[in-house]
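Engineer: Take a look at the following structure, please.
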Amino acid sequence: MRTDQNTPLLKALAAEVKARRGALQISQDELAYRCGLSRTFLGKIEIAQSQPSLTALFKLADGLEVGPDELLRAVKIRLRKEERAATRAPRRA
């Protein structure tokens, strides 16, 4: 993974994509087909190892049956919750 990637953001996207795919009750293969993306690339998005392009985000949103704005809004909310949880968690020595 490149060092210029925002890992917490990629993890939030990964969790949101997996959650929405689960809600639709479809496999990675099916979502990849709906999006016109490779299953391998989709799998890497779902484990926060790939940063999708803007085009891929639009395709992903379409495959998940939401608008790109809704998908990104949900990712932003998930990221903020994770950031708040991380600041409240006790630090281990």
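Chain labels follow the order of the structure tokens: the first chain is A, the next B, and so on; residue numbering restarts at 1 in every chain, and ligands are counted from 1 in their shown order.
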Using only C-alpha atoms, find each residue in region 34-81 of chain A having at least one atom no more than 9 Å away from region 9-13 of chain A; report its shortest atom-to-atom pair and that distance in Å (one decimal), rows by chain then rising number, as a Markdown table.
Structural biologist:
```
| residue | atom | partner | partner_atom | distance |
| --- | --- | --- | --- | --- |
| A:Ile45 | CA | A:Leu10 | CA | 7.6 |
| A:Glu46 | CA | A:Leu13 | CA | 7.6 |
| A:Ile47 | CA | A:Lys11 | CA | 7.2 |
| A:Ala48 | CA | A:Leu10 | CA | 5.0 |
| A:Gln49 | CA | A:Leu10 | CA | 7.6 |
| A:Ser50 | CA | A:Leu10 | CA | 7.7 |
| A:Gln51 | CA | A:Leu10 | CA | 6.8 |
| A:Leu71 | CA | A:Leu13 | CA | 8.6 |
| A:Leu72 | CA | A:Leu13 | CA | 8.2 |
| A:Ala74 | CA | A:Leu13 | CA | 8.6 |
| A:Val75 | CA | A:Leu13 | CA | 5.4 |
| A:Lys76 | CA | A:Ala12 | CA | 7.7 |
| A:Ile77 | CA | A:Ala12 | CA | 8.8 |
| A:Arg78 | CA | A:Ala12 | CA | 5.8 |
| A:Leu79 | CA | A:Ala12 | CA | 5.3 |
```
Engineer: Please save N, CA and C atoms of the selected residues as a CSV table (one decimal), in the first residue's frame.
Structural biologist:
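Okay, out_9.csv is ready:
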```csv
chain,number,residue,atom,x,y,z
A,45,ILE,N,-10.7,-3.5,-2.1
A,45,ILE,CA,-11.4,-2.3,-1.5
A,45,ILE,C,-12.0,-2.7,-0.2
A,46,GLU,N,-12.6,-3.9,-0.2
A,46,GLU,CA,-13.2,-4.4,1.1
A,46,GLU,C,-12.2,-4.8,2.2
A,47,ILE,N,-11.0,-4.9,1.9
A,47,ILE,CA,-10.0,-5.1,3.0
A,47,ILE,C,-9.0,-3.9,3.1
A,48,ALA,N,-9.5,-2.8,2.5
A,48,ALA,CA,-8.7,-1.5,2.6
A,48,ALA,C,-7.3,-1.6,2.1
A,49,GLN,N,-7.1,-2.3,1.0
A,49,GLN,CA,-5.8,-2.4,0.4
A,49,GLN,C,-5.8,-1.7,-0.9
A,50,SER,N,-6.9,-1.2,-1.4
A,50,SER,CA,-6.9,-0.4,-2.7
A,50,SER,C,-7.7,0.8,-2.5
A,51,GLN,N,-7.2,1.9,-3.1
A,51,GLN,CA,-7.9,3.2,-3.1
A,51,GLN,C,-8.6,3.4,-4.4
A,71,LEU,N,-23.2,7.3,-0.6
A,71,LEU,CA,-22.1,6.4,-0.2
A,71,LEU,C,-21.0,7.1,0.6
A,72,LEU,N,-20.6,8.3,0.0
A,72,LEU,CA,-19.5,9.0,0.6
A,72,LEU,C,-20.0,9.6,2.0
A,74,ALA,N,-22.1,8.3,4.0
A,74,ALA,CA,-22.1,7.2,5.0
A,74,ALA,C,-20.6,6.8,5.4
A,75,VAL,N,-19.7,6.9,4.5
A,75,VAL,CA,-18.3,6.6,4.8
A,75,VAL,C,-17.8,7.7,5.7
A,76,LYS,N,-18.1,8.9,5.5
A,76,LYS,CA,-17.7,10.0,6.4
A,76,LYS,C,-18.2,9.9,7.8
A,77,ILE,N,-19.5,9.5,7.9
A,77,ILE,CA,-20.1,9.2,9.2
A,77,ILE,C,-19.3,8.1,9.9
A,78,ARG,N,-19.1,7.0,9.2
A,78,ARG,CA,-18.4,5.9,9.8
A,78,ARG,C,-17.0,6.3,10.2
A,79,LEU,N,-16.3,7.0,9.4
A,79,LEU,CA,-14.9,7.5,9.7
A,79,LEU,C,-15.0,8.3,11.0
```
Engineer: Write out as a PDB file with C-alpha atoms, in the first residue's frame which residues come within 12 Å of Leu60 (chain A) when counting only C-alpha atoms, dropping same-chain ones fewer than 3 positions away.
Structural biologist:
```
ATOM      1  CA  LEU A  13     -14.963   2.697   2.986  1.00  0.00           C
ATOM      2  CA  ALA A  14     -14.221  -1.021   3.267  1.00  0.00           C
ATOM      3  CA  GLU A  16     -19.362   0.550   4.424  1.00  0.00           C
ATOM      4  CA  VAL A  17     -19.074  -1.391   1.174  1.00  0.00           C
ATOM      5  CA  LYS A  18     -19.159  -4.718   3.025  1.00  0.00           C
ATOM      6  CA  ARG A  20     -24.121  -2.435   2.094  1.00  0.00           C
ATOM      7  CA  ARG A  21     -23.230  -5.531   0.083  1.00  0.00           C
ATOM      8  CA  GLN A  28     -18.413  -9.956  -4.132  1.00  0.00           C
ATOM      9  CA  GLU A  30     -22.226 -10.210  -8.011  1.00  0.00           C
ATOM     10  CA  LEU A  31     -21.301  -6.714  -6.847  1.00  0.00           C
ATOM     11  CA  ALA A  32     -18.224  -6.687  -9.073  1.00  0.00           C
ATOM     12  CA  TYR A  33     -20.421  -7.682 -12.029  1.00  0.00           C
ATOM     13  CA  ARG A  34     -22.959  -4.957 -11.222  1.00  0.00           C
ATOM     14  CA  CYS A  35     -20.178  -2.372 -10.936  1.00  0.00           C
ATOM     15  CA  GLY A  36     -18.152  -3.449 -13.922  1.00  0.00           C
ATOM     16  CA  LEU A  37     -15.125  -3.873 -11.666  1.00  0.00           C
ATOM     17  CA  SER A  38     -12.963  -6.937 -11.145  1.00  0.00           C
ATOM     18  CA  ARG A  39     -13.755  -9.115  -8.145  1.00  0.00           C
ATOM     19  CA  PHE A  41     -10.181  -5.098  -7.077  1.00  0.00           C
ATOM     20  CA  LEU A  42     -13.453  -5.108  -5.155  1.00  0.00           C
ATOM     21  CA  ILE A  45     -11.367  -2.314  -1.541  1.00  0.00           C
ATOM     22  CA  GLU A  46     -13.215  -4.394   1.064  1.00  0.00           C
ATOM     23  CA  PRO A  52     -10.599   3.424  -5.729  1.00  0.00           C
ATOM     24  CA  SER A  53     -10.589   6.170  -8.320  1.00  0.00           C
ATOM     25  CA  LEU A  54     -13.468   8.602  -8.609  1.00  0.00           C
ATOM     26  CA  THR A  55     -14.786   6.583 -11.548  1.00  0.00           C
ATOM     27  CA  ALA A  56     -14.637   3.372  -9.499  1.00  0.00           C
ATOM     28  CA  LEU A  57     -16.465   5.066  -6.603  1.00  0.00           C
ATOM     29  CA  GLY A  63     -23.687  -1.353  -7.965  1.00  0.00           C
ATOM     30  CA  LEU A  64     -24.749  -0.794  -4.354  1.00  0.00           C
ATOM     31  CA  GLU A  65     -27.911   0.936  -5.584  1.00  0.00           C
ATOM     32  CA  VAL A  66     -27.132   4.287  -3.954  1.00  0.00           C
ATOM     33  CA  GLY A  67     -25.929   7.634  -5.169  1.00  0.00           C
ATOM     34  CA  PRO A  68     -22.237   8.408  -4.805  1.00  0.00           C
ATOM     35  CA  ASP A  69     -23.112  11.252  -2.452  1.00  0.00           C
ATOM     36  CA  GLU A  70     -24.993   8.870  -0.146  1.00  0.00           C
ATOM     37  CA  LEU A  71     -22.131   6.372  -0.159  1.00  0.00           C
ATOM     38  CA  LEU A  72     -19.538   9.037   0.624  1.00  0.00           C
TER      39      LEU A  72
END
```
Engineer: Please give the complete set of residues from chain A that DSSP, run on the backbone, assigns to alpha helix (DSSP H), formatted as a count of residues only.
Structural biologist: 65
